[in-house]
Every structure is written in structure tokens, then in C-alpha cells.
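Visitor: I have a structure here, written as C-alpha cells, and I will follow up with some questions on it.
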Amino acid sequence: MKILVCISHVPDTTSKINFVNGDSEFDTNGVQYVINPNDEFGLTRAIWFQEQQAANVTVVNVGGPDTEPTLRKALAIGANEAIRINATPTDGFFVAKQLAEVVKSGGYDLVICGKESLDYNGGMVPGMLAGLLGYNFVNSAVEMTVDGTSAKVGREIDGGKEIVSASLPLIVGGQKGLVEEKDLRIPNMRGIMTARTKVLTVLEPVAADNNTKAVKFEKPAAKSAVKLFSADDLDGLVSALHNEAKVI
């Protein structure tokens, strides 16, 4: 089985977020980048298939040379090879179009994406990719097994979980739950050294339209200052909750 895991290069969730040029661009200064958490769950599941069913795992990213450390980390975790499409991921359709070309040329049986990246939260790419390829698609996956050319996927739905079956080739949009957080892989020294010798192929992008454009970003309003009350001032606390916070 050939598996392709789509990797987004996103800011660490602990990073301080700022914008520049009239709040139209993300400020990358001092920001640490990581594998998109939803993608990391998918990658870990793919490595499980590699270990249990001898699957070959390739990771792919749309981005510039600055994303290669993220791909190298995925290789250190256990992926067999990596592909970087040399383009800025400015639009969901553009990214899906690039990934579709890789899938078609590589003949992959299973493509695992995160259901969304945690920077833009667009949630568009997995579905668009399936539409461009005409492949079966299951989103919000929290469990998955593959037996031959058939997959069984558990997906999160409102109030519960739905189990669906689908034939390969298949696109899966994964999320937290696809593996347990305790099972996420941390690269060890051997993996890091081995990753340096693994193949990282750089491809030029195919022509594709950017159908959307970020015009402006806005940060959430700052939280108001915390008001503290002494343990003896219960009347003051009740009054503030009633008259100021209006929660009682």
C-alpha cells in the first residue's frame, strides 16, 4: 500500500501572533513552525500502517525552502520519502491542485490530510483534492483500518461517531483521535540522522488559479483585566458577578 500524507507547515500554537502591512500579512518574525497537529495524527497513523502492513509512506508539502525542516521532521518520525512543491500555499484550490498532480503521478492508494490546518482553518483542501481526483472521501476521521482494497473509517459526527466503509483509492481528512496523543512519535537521534539521507524531492508547481485572497486579518479583542476579591469580600464578589459580569 502506498500512502501519501499531506503536511502543512504551521506556526506553533504557543507563538505570539502579529500582522504587518496594514494587517494584510502574517508576521513570521520569531515564529517557530511545526507539523500541523491534525496532519501529525495522520502521519502517525500512516507510520502504524508502515509497521503493521509494510506500507510505503511519503509526505508532501506545498511551500518554500523554509518548510523543509518540517518535512525532515516527518522523515525523522518515519516517513520513507518527502516531496516539496515549490510554491506559496496562498489558496485552498491552488494547494489541492498541486497535491492532485502528485497523487496522480505517484499512484497512491491512501491519501491522509488533516481535516484543516490550524493557521487558516479553511478545511477546504481534503474535499477539493477528492473532487479533483474523483476519489472516495471521508472527513473528520478519528479511526481507520485498511484490509486489502477496503477501508473502514470512524468519523466524528454531532453527538457520536459514524463508521463507514470505502474502497481504495481514498482521501481521508483526519483529526485528533485518529491516534491517541500518547502515541504521537517524537524523533529520536537515530531517526534524525536517518532523515538526512532520505530523499526529499522538489517539484515545480503546475498552473492553477488562486480563487481566494486574504484581504485583512483581525486579532481577537484583548481580554479585560482580572479583578481579584479577597476571601472575606463575598458581598463584593456577588455584586460584581451580578452588576458587572451579569452572570447571576
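Labeling convention for the C-alpha cells: chains A, B, ... as they appear, residues from 1 per chain, ligands from 1 in order of appearance.
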Taking the chain letters and numbering used in this document, name the residues of region 118-189 of chain A that DSSP puts in alpha helix (DSSP H), as a PyMOL selection string.
Guide: chain A and resi 125-133+189
Visitor: Grab the residues selected above and save them as an mmCIF file, in the first residue's frame with N, CA, C and O atoms.
Guide:
```cif
data_model
loop_
_atom_site.group_PDB
_atom_site.id
_atom_site.type_symbol
_atom_site.label_atom_id
_atom_site.label_comp_id
_atom_site.auth_asym_id
_atom_site.auth_seq_id
_atom_site.Cartn_x
_atom_site.Cartn_y
_atom_site.Cartn_z
ATOM 1 N N VAL A 125 -9.044 21.832 1.619
ATOM 2 C CA VAL A 125 -8.147 21.065 0.757
ATOM 3 C C VAL A 125 -8.529 19.589 0.618
ATOM 4 O O VAL A 125 -8.574 19.076 -0.513
ATOM 5 N N PRO A 126 -8.812 18.843 1.701
ATOM 6 C CA PRO A 126 -9.113 17.414 1.503
ATOM 7 C C PRO A 126 -10.301 17.165 0.570
ATOM 8 O O PRO A 126 -10.231 16.308 -0.320
ATOM 9 N N GLY A 127 -11.386 17.915 0.759
ATOM 10 C CA GLY A 127 -12.556 17.730 -0.092
ATOM 11 C C GLY A 127 -12.296 18.130 -1.528
ATOM 12 O O GLY A 127 -12.741 17.454 -2.476
ATOM 13 N N MET A 128 -11.594 19.253 -1.723
ATOM 14 C CA MET A 128 -11.252 19.678 -3.084
ATOM 15 C C MET A 128 -10.357 18.649 -3.774
ATOM 16 O O MET A 128 -10.527 18.356 -4.966
ATOM 17 N N LEU A 129 -9.403 18.111 -3.029
ATOM 18 C CA LEU A 129 -8.495 17.102 -3.586
ATOM 19 C C LEU A 129 -9.277 15.878 -4.046
ATOM 20 O O LEU A 129 -9.055 15.363 -5.149
ATOM 21 N N ALA A 130 -10.204 15.416 -3.212
ATOM 22 C CA ALA A 130 -11.030 14.269 -3.594
ATOM 23 C C ALA A 130 -11.866 14.584 -4.830
ATOM 24 O O ALA A 130 -12.032 13.743 -5.723
ATOM 25 N N GLY A 131 -12.401 15.808 -4.901
ATOM 26 C CA GLY A 131 -13.200 16.201 -6.056
ATOM 27 C C GLY A 131 -12.385 16.253 -7.337
ATOM 28 O O GLY A 131 -12.848 15.808 -8.402
ATOM 29 N N LEU A 132 -11.174 16.777 -7.257
ATOM 30 C CA LEU A 132 -10.314 16.860 -8.437
ATOM 31 C C LEU A 132 -9.917 15.478 -8.944
ATOM 32 O O LEU A 132 -9.778 15.260 -10.149
ATOM 33 N N LEU A 133 -9.733 14.534 -8.019
ATOM 34 C CA LEU A 133 -9.284 13.193 -8.388
ATOM 35 C C LEU A 133 -10.428 12.220 -8.646
ATOM 36 O O LEU A 133 -10.226 11.169 -9.252
ATOM 37 N N MET A 189 17.368 10.356 18.011
ATOM 38 C CA MET A 189 18.605 10.716 17.317
ATOM 39 C C MET A 189 18.829 9.855 16.079
ATOM 40 O O MET A 189 19.254 10.360 15.034
#
```
Visitor: What are the DSSP strand (DSSP E) residues of region 10-222 of chain A, as a VMD selection string?
Guide: chain A and resid 10 to 11 19 to 20 25 to 26 33 to 35 56 to 62 81 to 85 110 to 114 136 to 147 150 to 157 160 to 167 170 to 174 200 to 203
Visitor: CA of Lys2 (chain A) and CA of Leu99 (chain A), how far apart in Å?
Guide: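 If I compute the distance from CA of Leu99 (chain A) to CA of Lys2 (chain A), I get 15.1 Å.
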Visitor: So which residues touch Lys219 (chain A) within 10 Å, counting only C-alpha atoms, skipping near sequence neighbours fewer than 2 positions away, as a PDB file with all heavy atoms, in the first residue's frame?
Guide:
```pdb
ATOM      1  N   ILE A  17       1.131  35.884  17.866  1.00  0.00           N
ATOM      2  CA  ILE A  17       0.702  36.180  16.505  1.00  0.00           C
ATOM      3  C   ILE A  17       0.583  37.688  16.291  1.00  0.00           C
ATOM      4  O   ILE A  17      -0.063  38.394  17.073  1.00  0.00           O
ATOM      5  CB  ILE A  17      -0.653  35.504  16.194  1.00  0.00           C
ATOM      6  CG1 ILE A  17      -0.551  33.989  16.400  1.00  0.00           C
ATOM      7  CG2 ILE A  17      -1.125  35.842  14.795  1.00  0.00           C
ATOM      8  CD1 ILE A  17       0.488  33.313  15.548  1.00  0.00           C
ATOM      9  N   ASN A  18       1.216  38.155  15.198  1.00  0.00           N
ATOM     10  CA  ASN A  18       1.104  39.557  14.794  1.00  0.00           C
ATOM     11  C   ASN A  18       0.957  39.633  13.286  1.00  0.00           C
ATOM     12  O   ASN A  18       1.269  38.674  12.559  1.00  0.00           O
ATOM     13  CB  ASN A  18       2.339  40.356  15.243  1.00  0.00           C
ATOM     14  CG  ASN A  18       2.401  40.540  16.745  1.00  0.00           C
ATOM     15  OD1 ASN A  18       1.497  41.116  17.344  1.00  0.00           O
ATOM     16  ND2 ASN A  18       3.471  40.044  17.366  1.00  0.00           N
ATOM     17  N   PHE A  19       0.495  40.791  12.811  1.00  0.00           N
ATOM     18  CA  PHE A  19       0.313  41.011  11.385  1.00  0.00           C
ATOM     19  C   PHE A  19       1.001  42.306  10.972  1.00  0.00           C
ATOM     20  O   PHE A  19       1.183  43.215  11.779  1.00  0.00           O
ATOM     21  CB  PHE A  19      -1.175  41.057  11.031  1.00  0.00           C
ATOM     22  CG  PHE A  19      -1.919  39.811  11.422  1.00  0.00           C
ATOM     23  CD1 PHE A  19      -2.702  39.768  12.569  1.00  0.00           C
ATOM     24  CD2 PHE A  19      -1.801  38.660  10.667  1.00  0.00           C
ATOM     25  CE1 PHE A  19      -3.356  38.618  12.955  1.00  0.00           C
ATOM     26  CE2 PHE A  19      -2.461  37.490  11.037  1.00  0.00           C
ATOM     27  CZ  PHE A  19      -3.241  37.474  12.181  1.00  0.00           C
ATOM     28  N   ASP A  23      -2.187  44.903   8.489  1.00  0.00           N
ATOM     29  CA  ASP A  23      -2.864  43.672   8.913  1.00  0.00           C
ATOM     30  C   ASP A  23      -3.278  42.780   7.745  1.00  0.00           C
ATOM     31  O   ASP A  23      -4.224  42.009   7.842  1.00  0.00           O
ATOM     32  CB  ASP A  23      -4.104  43.993   9.769  1.00  0.00           C
ATOM     33  CG  ASP A  23      -3.735  44.587  11.110  1.00  0.00           C
ATOM     34  OD1 ASP A  23      -2.613  44.340  11.575  1.00  0.00           O
ATOM     35  OD2 ASP A  23      -4.582  45.300  11.694  1.00  0.00           O
ATOM     36  N   PHE A 217      -6.481  40.632   8.296  1.00  0.00           N
ATOM     37  CA  PHE A 217      -6.581  39.789   9.485  1.00  0.00           C
ATOM     38  C   PHE A 217      -6.926  40.662  10.688  1.00  0.00           C
ATOM     39  O   PHE A 217      -6.506  41.815  10.772  1.00  0.00           O
ATOM     40  CB  PHE A 217      -5.257  39.075   9.753  1.00  0.00           C
ATOM     41  CG  PHE A 217      -4.852  38.115   8.668  1.00  0.00           C
ATOM     42  CD1 PHE A 217      -3.985  38.506   7.657  1.00  0.00           C
ATOM     43  CD2 PHE A 217      -5.328  36.815   8.656  1.00  0.00           C
ATOM     44  CE1 PHE A 217      -3.600  37.628   6.663  1.00  0.00           C
ATOM     45  CE2 PHE A 217      -4.953  35.928   7.668  1.00  0.00           C
ATOM     46  CZ  PHE A 217      -4.085  36.340   6.664  1.00  0.00           C
ATOM     47  N   ALA A 221     -10.290  40.530  20.328  1.00  0.00           N
ATOM     48  CA  ALA A 221     -10.206  41.649  21.268  1.00  0.00           C
ATOM     49  C   ALA A 221      -9.481  41.196  22.532  1.00  0.00           C
ATOM     50  O   ALA A 221      -9.644  40.061  22.994  1.00  0.00           O
ATOM     51  CB  ALA A 221     -11.602  42.134  21.620  1.00  0.00           C
ATOM     52  N   ALA A 222      -8.672  42.102  23.077  1.00  0.00           N
ATOM     53  CA  ALA A 222      -7.918  41.777  24.292  1.00  0.00           C
ATOM     54  C   ALA A 222      -8.867  41.522  25.456  1.00  0.00           C
ATOM     55  O   ALA A 222      -9.914  42.168  25.573  1.00  0.00           O
ATOM     56  CB  ALA A 222      -6.967  42.920  24.621  1.00  0.00           C
TER      57      ALA A 222
END
```
Visitor: CA of Thr44 (chain A) to CA of Gly160 (chain A): how many Å, to one decimal?
Guide: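 Separation between CA of Thr44 (chain A) and CA of Gly160 (chain A): 23.4 Å.
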Visitor: When distances are computed from only C-alpha atoms, which of A:Ser165, A:Gln98, A:Thr149, A:Ser224 shows the smallest separation from Pro205 (chain A)?
Guide: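 Under the stated criterion, the closest residue is A:Gln98.
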Visitor: Just to confirm, what's the straight-line distance from CA of Ile85 (chain A) to CA of Gly63 (chain A) in Å (one decimal)?
Guide: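 Separating CA of Ile85 (chain A) from CA of Gly63 (chain A) is a distance of 6.1 Å.
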Visitor: Pick out the residues sitting within 8 Å of His9 (chain A), and hand them over as a list in words; count only C-alpha atoms, and ignore anything fewer than 2 positions along from it in its own chain.
Guide: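 The residues that qualify are Ile7, Pro11, Tyr33, Val34, Ile35, Asn36, Asn61, Gly63, Thr67 and Thr70 of chain A.
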Visitor: At a cut-off of 12 Å, using only C-alpha atoms, what residues contact Lys161 (chain A)? Leave out same-chain residues fewer than 3 positions from it and give the result as a PDB file with N, CA, C and O atoms, in the first residue's frame.
Guide:
```pdb
ATOM      1  N   ASN A 139     -14.252  12.591   5.828  1.00  0.00           N
ATOM      2  CA  ASN A 139     -13.690  13.684   6.614  1.00  0.00           C
ATOM      3  C   ASN A 139     -13.892  13.434   8.113  1.00  0.00           C
ATOM      4  O   ASN A 139     -14.671  12.576   8.520  1.00  0.00           O
ATOM      5  N   SER A 140     -13.174  14.214   8.921  1.00  0.00           N
ATOM      6  CA  SER A 140     -13.285  14.169  10.388  1.00  0.00           C
ATOM      7  C   SER A 140     -13.043  12.768  10.929  1.00  0.00           C
ATOM      8  O   SER A 140     -13.724  12.301  11.849  1.00  0.00           O
ATOM      9  N   ALA A 141     -12.038  12.080  10.355  1.00  0.00           N
ATOM     10  CA  ALA A 141     -11.764  10.696  10.738  1.00  0.00           C
ATOM     11  C   ALA A 141     -11.088  10.618  12.106  1.00  0.00           C
ATOM     12  O   ALA A 141     -10.142  11.360  12.385  1.00  0.00           O
ATOM     13  N   VAL A 142     -11.570   9.716  12.946  1.00  0.00           N
ATOM     14  CA  VAL A 142     -10.990   9.503  14.276  1.00  0.00           C
ATOM     15  C   VAL A 142     -10.503   8.067  14.471  1.00  0.00           C
ATOM     16  O   VAL A 142      -9.932   7.745  15.509  1.00  0.00           O
ATOM     17  N   GLU A 143     -10.714   7.216  13.487  1.00  0.00           N
ATOM     18  CA  GLU A 143     -10.140   5.869  13.496  1.00  0.00           C
ATOM     19  C   GLU A 143     -10.148   5.325  12.087  1.00  0.00           C
ATOM     20  O   GLU A 143     -10.963   5.753  11.248  1.00  0.00           O
ATOM     21  N   VAL A 153     -13.583   3.424   8.262  1.00  0.00           N
ATOM     22  CA  VAL A 153     -13.206   4.691   8.893  1.00  0.00           C
ATOM     23  C   VAL A 153     -14.296   5.122   9.858  1.00  0.00           C
ATOM     24  O   VAL A 153     -15.482   5.118   9.513  1.00  0.00           O
ATOM     25  N   GLY A 154     -13.873   5.490  11.064  1.00  0.00           N
ATOM     26  CA  GLY A 154     -14.794   6.091  12.014  1.00  0.00           C
ATOM     27  C   GLY A 154     -14.664   7.600  11.933  1.00  0.00           C
ATOM     28  O   GLY A 154     -13.555   8.131  11.997  1.00  0.00           O
ATOM     29  N   ARG A 155     -15.772   8.286  11.759  1.00  0.00           N
ATOM     30  CA  ARG A 155     -15.733   9.742  11.644  1.00  0.00           C
ATOM     31  C   ARG A 155     -16.592  10.371  12.730  1.00  0.00           C
ATOM     32  O   ARG A 155     -17.642   9.841  13.110  1.00  0.00           O
ATOM     33  N   GLU A 156     -16.136  11.495  13.232  1.00  0.00           N
ATOM     34  CA  GLU A 156     -16.856  12.201  14.286  1.00  0.00           C
ATOM     35  C   GLU A 156     -18.063  12.915  13.705  1.00  0.00           C
ATOM     36  O   GLU A 156     -17.965  13.624  12.715  1.00  0.00           O
ATOM     37  N   ILE A 157     -19.221  12.714  14.312  1.00  0.00           N
ATOM     38  CA  ILE A 157     -20.436  13.425  13.932  1.00  0.00           C
ATOM     39  C   ILE A 157     -21.035  14.051  15.189  1.00  0.00           C
ATOM     40  O   ILE A 157     -20.609  13.745  16.299  1.00  0.00           O
ATOM     41  N   ASP A 158     -22.006  14.916  14.997  1.00  0.00           N
ATOM     42  CA  ASP A 158     -22.619  15.598  16.130  1.00  0.00           C
ATOM     43  C   ASP A 158     -23.256  14.578  17.069  1.00  0.00           C
ATOM     44  O   ASP A 158     -24.176  13.860  16.694  1.00  0.00           O
ATOM     45  N   VAL A 164     -17.951   4.137   8.559  1.00  0.00           N
ATOM     46  CA  VAL A 164     -18.236   3.976   7.132  1.00  0.00           C
ATOM     47  C   VAL A 164     -17.166   3.098   6.501  1.00  0.00           C
ATOM     48  O   VAL A 164     -16.039   3.008   6.999  1.00  0.00           O
ATOM     49  N   GLY A 177      -7.679  12.016  17.560  1.00  0.00           N
ATOM     50  CA  GLY A 177      -8.431  10.784  17.767  1.00  0.00           C
ATOM     51  C   GLY A 177      -8.063   9.712  16.762  1.00  0.00           C
ATOM     52  O   GLY A 177      -8.294   8.525  16.998  1.00  0.00           O
TER      53      GLY A 177
END
```
Visitor: Name all residues at most 9 Å from Asn38 (chain A) (count only C-alpha atoms; drop same-chain ones fewer than 4 positions away) and give them as a ChimeraX atom specification.
Guide: /A:42-43,113-118,173-176,178
Visitor: What lies within 10 Å of Tyr135 (chain A) using only C-alpha atoms, ignoring chain neighbours under 5 positions off, as a list in words?
Guide: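 Near Tyr135 (chain A), the qualifying residues are Asp109, Leu110, Val111, Gly127, Leu129, Ala130, Ser167, Leu168, Pro169, Leu170 and Ile171 of chain A.
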